[in-house]
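Here is the file data-v3.cif (mmCIF, C-alpha atoms).
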```cif
data_model
#
loop_
_atom_site.group_PDB
_atom_site.id
_atom_site.type_symbol
_atom_site.label_atom_id
_atom_site.label_comp_id
_atom_site.auth_asym_id
_atom_site.auth_seq_id
_atom_site.Cartn_x
_atom_site.Cartn_y
_atom_site.Cartn_z
ATOM 1 C CA MET P 385 0.000 0.000 0.000
ATOM 2 C CA GLY P 386 1.540 3.311 -1.126
ATOM 3 C CA THR P 387 1.252 6.550 0.717
ATOM 4 C CA VAL P 388 0.023 9.703 -0.945
ATOM 5 C CA LYS P 389 2.789 12.247 -0.966
ATOM 6 C CA GLU P 390 1.493 15.663 0.003
ATOM 7 C CA GLU P 391 2.483 18.383 -2.430
ATOM 8 C CA ARG P 392 4.796 21.047 -1.026
ATOM 9 C CA ASP P 393 3.539 24.576 -1.428
ATOM 10 C CA LEU P 394 6.345 26.668 -2.943
ATOM 11 C CA TYR P 395 5.047 29.835 -1.304
ATOM 12 C CA ARG P 396 4.438 28.426 2.159
ATOM 13 C CA ASP P 397 6.674 25.373 2.648
ATOM 14 C CA THR P 398 10.014 26.483 1.169
ATOM 15 C CA TRP P 399 12.573 29.256 1.568
ATOM 16 C CA VAL P 400 10.417 31.397 -0.775
ATOM 17 C CA ARG P 401 8.156 32.074 2.236
ATOM 18 C CA PHE P 402 10.881 34.272 3.694
ATOM 19 C CA LEU P 403 10.401 36.765 0.841
ATOM 20 C CA GLY P 404 7.132 37.665 2.544
ATOM 21 C CA TYR P 405 9.178 38.918 5.493
ATOM 22 C CA ALA P 406 11.359 41.227 3.382
ATOM 23 C CA ASN P 407 9.551 44.364 4.484
ATOM 24 C CA GLU P 408 9.948 43.503 8.175
ATOM 25 C CA VAL P 409 13.676 43.193 7.590
ATOM 26 C CA GLY P 410 13.583 46.477 5.682
ATOM 27 C CA GLU P 411 11.759 48.176 8.555
ATOM 28 C CA SER P 412 14.301 46.768 11.013
ATOM 29 C CA PHE P 413 17.109 48.410 9.027
ATOM 30 C CA ARG P 414 15.248 51.715 8.441
ATOM 31 C CA ALA P 415 17.537 53.602 10.864
ATOM 32 C CA LEU P 416 20.634 52.444 8.969
ATOM 33 C CA VAL P 417 19.769 52.396 5.268
ATOM 34 C CA PRO P 418 18.295 54.822 2.741
ATOM 35 C CA VAL P 419 14.486 54.817 2.789
ATOM 36 C CA SER P 420 14.511 53.671 -0.847
ATOM 37 C CA LEU P 421 15.874 50.297 0.331
ATOM 38 C CA VAL P 422 13.043 50.025 2.855
ATOM 39 C CA TRP P 423 10.509 50.674 0.075
ATOM 40 C CA ALA P 424 12.301 48.128 -2.134
ATOM 41 C CA SER P 425 11.782 45.565 0.628
ATOM 42 C CA TYR P 426 8.048 46.288 0.425
ATOM 43 C CA GLY P 427 8.258 45.690 -3.332
ATOM 44 C CA ILE P 428 9.777 42.255 -2.710
ATOM 45 C CA ALA P 429 7.128 41.351 -0.121
ATOM 46 C CA THR P 430 4.320 42.576 -2.405
ATOM 47 C CA ALA P 431 5.699 40.554 -5.317
ATOM 48 C CA TYR P 432 5.680 37.489 -3.044
ATOM 49 C CA VAL P 433 2.052 38.150 -2.017
ATOM 50 C CA THR P 434 0.977 38.599 -5.638
ATOM 51 C CA ALA P 435 2.797 35.443 -6.785
ATOM 52 C CA ASP P 436 1.202 33.389 -3.986
ATOM 53 C CA ALA P 437 -2.280 34.692 -4.892
ATOM 54 C CA ILE P 438 -1.759 33.835 -8.557
ATOM 55 C CA ASP P 439 -0.472 30.381 -7.592
ATOM 56 C CA LYS P 440 -3.528 29.703 -5.423
ATOM 57 C CA GLY P 441 -5.771 30.823 -8.292
ATOM 58 C CA LYS P 442 -4.054 28.408 -10.688
ATOM 59 C CA LYS P 443 -4.363 25.576 -8.177
ATOM 60 C CA ALA P 444 -8.067 26.330 -7.647
ATOM 61 C CA SER P 445 -8.596 26.404 -11.404
ATOM 62 C CA THR P 446 -6.930 23.020 -11.822
ATOM 63 C CA SER P 447 -8.719 21.406 -8.897
ATOM 64 C CA HIS P 448 -12.181 22.557 -9.994
ATOM 65 C CA GLY P 449 -11.826 21.496 -13.645
ATOM 66 C CA ASP P 450 -15.037 22.319 -15.511
ATOM 67 C CA GLU P 451 -17.313 22.392 -12.460
ATOM 68 C CA PRO P 452 -20.077 24.974 -12.310
ATOM 69 C CA GLY P 453 -18.979 27.951 -10.241
ATOM 70 C CA LYS P 454 -15.308 27.432 -11.059
ATOM 71 C CA THR P 455 -14.722 31.107 -11.872
ATOM 72 C CA GLY P 456 -16.121 32.163 -8.512
ATOM 73 C CA ARG P 457 -13.991 29.648 -6.639
ATOM 74 C CA VAL P 458 -10.847 30.754 -8.466
ATOM 75 C CA THR P 459 -11.677 34.391 -7.748
ATOM 76 C CA VAL P 460 -12.216 33.622 -4.064
ATOM 77 C CA ALA P 461 -8.902 31.742 -3.882
ATOM 78 C CA VAL P 462 -7.009 34.663 -5.425
ATOM 79 C CA VAL P 463 -8.774 37.393 -3.453
ATOM 80 C CA ASP P 464 -8.631 35.549 -0.132
ATOM 81 C CA THR P 465 -4.932 34.744 -0.529
ATOM 82 C CA PHE P 466 -4.067 38.261 -1.651
ATOM 83 C CA ILE P 467 -5.962 39.945 1.202
ATOM 84 C CA TRP P 468 -4.690 37.512 3.830
ATOM 85 C CA GLN P 469 -1.086 37.777 2.684
ATOM 86 C CA SER P 470 -1.281 41.571 2.275
ATOM 87 C CA LEU P 471 -2.445 41.932 5.859
ATOM 88 C CA ALA P 472 -0.457 39.129 7.520
ATOM 89 C CA SER P 473 2.792 39.427 5.558
ATOM 90 C CA VAL P 474 3.042 43.091 4.599
ATOM 91 C CA ALA P 475 0.781 45.697 6.208
ATOM 92 C CA ILE P 476 0.398 44.627 9.836
ATOM 93 C CA PRO P 477 3.914 43.251 10.452
ATOM 94 C CA GLY P 478 5.510 46.158 8.569
ATOM 95 C CA PHE P 479 3.631 48.661 10.723
ATOM 96 C CA THR P 480 4.378 46.657 13.878
ATOM 97 C CA ILE P 481 8.129 46.438 13.266
ATOM 98 C CA ASN P 482 8.210 50.105 12.234
ATOM 99 C CA ARG P 483 6.624 51.129 15.540
ATOM 100 C CA ILE P 484 8.777 48.758 17.618
ATOM 101 C CA CYS P 485 11.913 50.188 16.017
ATOM 102 C CA ALA P 486 10.736 53.791 16.357
ATOM 103 C CA ALA P 487 9.939 53.248 20.045
ATOM 104 C CA SER P 488 13.251 51.487 20.580
ATOM 105 C CA LEU P 489 15.236 54.292 18.977
ATOM 106 C CA TYR P 490 13.294 56.906 20.956
ATOM 107 C CA LEU P 491 13.754 55.100 24.281
ATOM 108 C CA LEU P 492 17.449 54.460 23.669
ATOM 109 C CA ALA P 493 17.943 58.166 22.932
ATOM 110 C CA ARG P 494 16.156 59.125 26.159
ATOM 111 C CA MET P 495 17.498 56.442 28.485
ATOM 112 C CA THR P 496 21.111 55.905 27.376
ATOM 113 C CA ARG P 497 24.143 57.898 26.442
ATOM 114 C CA TRP P 498 25.092 55.436 23.744
ATOM 115 C CA PRO P 499 26.475 56.878 20.528
ATOM 116 C CA VAL P 500 23.946 57.232 17.680
ATOM 117 C CA PRO P 501 25.406 54.350 15.614
ATOM 118 C CA VAL P 502 25.132 51.991 18.602
ATOM 119 C CA ARG P 503 21.525 53.058 19.175
ATOM 120 C CA LYS P 504 20.682 52.518 15.504
ATOM 121 C CA TRP P 505 22.277 49.056 15.386
ATOM 122 C CA THR P 506 20.543 48.142 18.658
ATOM 123 C CA THR P 507 17.220 49.269 17.182
ATOM 124 C CA THR P 508 17.864 47.099 14.120
ATOM 125 C CA ALA P 509 18.641 44.116 16.369
ATOM 126 C CA VAL P 510 15.435 44.730 18.342
ATOM 127 C CA GLY P 511 13.422 44.865 15.117
ATOM 128 C CA LEU P 512 14.954 41.686 13.712
ATOM 129 C CA SER P 513 14.447 39.931 17.050
ATOM 130 C CA ALA P 514 10.776 40.897 17.113
ATOM 131 C CA ILE P 515 9.968 39.351 13.715
ATOM 132 C CA PRO P 516 9.679 35.719 14.891
ATOM 133 C CA VAL P 517 7.704 36.851 17.941
ATOM 134 C CA ILE P 518 5.016 38.754 16.020
ATOM 135 C CA ILE P 519 4.399 36.325 13.145
ATOM 136 C CA LYS P 520 2.068 33.765 14.764
ATOM 137 C CA PRO P 521 -0.115 36.258 16.667
ATOM 138 C CA ILE P 522 -0.546 38.355 13.520
ATOM 139 C CA ASP P 523 -1.349 35.282 11.392
ATOM 140 C CA ARG P 524 -3.962 34.117 13.919
ATOM 141 C CA SER P 525 -5.446 37.615 14.164
ATOM 142 C CA VAL P 526 -5.762 37.922 10.390
ATOM 143 C CA ASP P 527 -7.354 34.455 10.245
ATOM 144 C CA PHE P 528 -9.872 35.564 12.876
ATOM 145 C CA LEU P 529 -10.538 38.852 11.066
ATOM 146 C CA LEU P 530 -11.149 37.193 7.696
ATOM 147 C CA ASP P 531 -13.128 34.299 9.215
ATOM 148 C CA SER P 532 -15.351 36.874 10.956
ATOM 149 C CA THR P 533 -15.886 39.049 7.888
ATOM 150 C CA LEU P 534 -15.042 38.289 4.267
ATOM 151 C CA ARG P 535 -14.964 34.533 4.547
ATOM 152 C CA LYS P 536 -18.544 34.575 5.810
ATOM 153 C CA ILE P 537 -19.528 36.351 2.602
ATOM 154 C CA TYR P 538 -17.930 33.857 0.232
ATOM 155 C CA ASN P 539 -18.411 30.736 2.325
ATOM 156 C CA VAL P 540 -20.671 28.711 0.011
ATOM 157 C CA GLY P 541 -22.758 25.851 1.359
ATOM 158 C CA GLY P 542 -20.758 25.565 4.569
ATOM 159 C CA LYS P 543 -17.543 24.782 2.661
ATOM 160 C CA LYS P 544 -14.301 26.558 3.314
ATOM 161 C CA HIS P 545 -13.076 29.050 0.688
ATOM 162 C CA ASN P 546 -10.238 26.919 -0.714
#
```

Re-express the file's structure as structure tokens.
Amino acid sequence: MGTVKEERDLYRDTWVRFLGYANEVGESFRALVPVSLVWASYGIATAYVTADAIDKGKKASTSHGDEPGKTGRVTVAVVDTFIWQSLASVAIPGFTINRICAASLYLLARMTRWPVPVRKWTTTAVGLSAIPVIIKPIDRSVDFLLDSTLRKIYNVGGKKHN
């Protein structure tokens, strides 16, 4: 008896997933690099989000063949993935790391006599350290938000969106 090998998701189960965190890394380095590099990191994260949404749309299209309602299911897969990823991978964590780093830099300026470069590098370290801590709570919060709102709208016949 053979086992069914589960397909690995390129955008969620491989190193490619880390591209979604590019903007958090960019925000962590904001005090040290030109702002154009921070915005470029958002470009990388947004490209990742878009690629994942397109991939989920292609997978939904393939899995639904010629079934009635296929177009709607593909649309839901793309829209749901894009909104979820935009919130959970770009907007909320980017804002969160930005504020953590801004607060860190402010507090270090007020509470220490460290030289500016030391404060900036410390702020970057704080931002990078916060990334693994914020990921799961943000993911769960975005799941809850979408489950409580949009997913109720496109939840057809009690079935999950994709």

Could you make a table, as a Markdown table, of the residues of range 468-526 of chain P that have an atom within 9 Å of an atom of range 429-447 of chain P, each with its nearest atom pair and distance in Å to one decimal, counting all atoms listed in the file, in chain and number order?
```
| residue | atom | partner | partner_atom | distance |
| --- | --- | --- | --- | --- |
| P:Trp468 | CA | P:Val433 | CA | 8.9 |
| P:Gln469 | CA | P:Val433 | CA | 5.7 |
| P:Ser470 | CA | P:Val433 | CA | 6.4 |
| P:Ser473 | CA | P:Ala429 | CA | 7.4 |
| P:Val474 | CA | P:Ala429 | CA | 6.5 |
```

Subject >> Contact residues around range 398-412 of chain P with only C-alpha atoms at 9 Å, ignoring same-chain residues under 4 positions, as a count of residues only >> reply: 37

Original post:
Taking into account only C-alpha atoms, which residue in the set P:Ile518, P:Arg414, P:Ile467, P:Ala472 is nearest to Thr533 in chain P?
Top reply: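 With only C-alpha atoms as the atom set, the closest residue is P:Ile467.
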
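Here CA of Thr506 in chain P is placed at a distance of 8.1 Å from CA of Leu489 in chain P.
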
Original post:
Where does the PyMOL selection byres ((chain P and resi 503) around 10) land in this file, that is, which residues does it pick, as a list in words?
Top reply: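 When the PyMOL selection byres ((chain P and resi 503) around 10) is applied, the selected residues are Ala415, Ser488, Leu489, Tyr490, Leu491, Leu492, Ala493, Thr496, Arg497, Trp498, Pro499, Val500, Pro501, Val502, Lys504, Trp505, Thr506, Thr507, Thr508 and Ala509 of chain P.
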
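Here CA of Phe413 in chain P stands at a distance of 11.1 Å from CA of Ala486 in chain P.
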
Please output range 447-461 of chain P, rebuilt to include N, CA and C atoms, as a CSV table (one decimal), keeping the file's coordinate frame.
```csv
chain,number,residue,atom,x,y,z
P,447,SER,N,-8.0,22.3,-9.8
P,447,SER,CA,-8.7,21.4,-8.9
P,447,SER,C,-10.2,21.4,-9.2
P,448,HIS,N,-10.7,22.5,-9.7
P,448,HIS,CA,-12.2,22.6,-10.0
P,448,HIS,C,-12.6,22.2,-11.4
P,449,GLY,N,-11.6,21.9,-12.3
P,449,GLY,CA,-11.8,21.5,-13.6
P,449,GLY,C,-12.9,22.3,-14.3
P,450,ASP,N,-13.9,21.6,-14.8
P,450,ASP,CA,-15.0,22.3,-15.5
P,450,ASP,C,-16.3,22.4,-14.7
P,451,GLU,N,-16.2,22.3,-13.4
P,451,GLU,CA,-17.3,22.4,-12.5
P,451,GLU,C,-18.0,23.7,-12.6
P,452,PRO,N,-19.4,23.7,-12.4
P,452,PRO,CA,-20.1,25.0,-12.3
P,452,PRO,C,-19.6,25.8,-11.1
P,453,GLY,N,-19.5,27.1,-11.3
P,453,GLY,CA,-19.0,28.0,-10.2
P,453,GLY,C,-17.5,28.0,-10.1
P,454,LYS,N,-16.8,27.4,-11.1
P,454,LYS,CA,-15.3,27.4,-11.1
P,454,LYS,C,-14.7,28.9,-11.0
P,455,THR,N,-15.3,29.7,-11.8
P,455,THR,CA,-14.7,31.1,-11.9
P,455,THR,C,-14.8,31.8,-10.5
P,456,GLY,N,-15.9,31.6,-9.8
P,456,GLY,CA,-16.1,32.2,-8.5
P,456,GLY,C,-15.1,31.6,-7.5
P,457,ARG,N,-14.9,30.3,-7.6
P,457,ARG,CA,-14.0,29.6,-6.6
P,457,ARG,C,-12.6,30.1,-6.9
P,458,VAL,N,-12.2,30.3,-8.1
P,458,VAL,CA,-10.8,30.8,-8.5
P,458,VAL,C,-10.7,32.2,-8.0
P,459,THR,N,-11.7,33.0,-8.2
P,459,THR,CA,-11.7,34.4,-7.7
P,459,THR,C,-11.5,34.5,-6.2
P,460,VAL,N,-12.3,33.6,-5.5
P,460,VAL,CA,-12.2,33.6,-4.1
P,460,VAL,C,-10.8,33.2,-3.6
P,461,ALA,N,-10.3,32.2,-4.3
P,461,ALA,CA,-8.9,31.7,-3.9
P,461,ALA,C,-7.9,32.9,-4.1
```
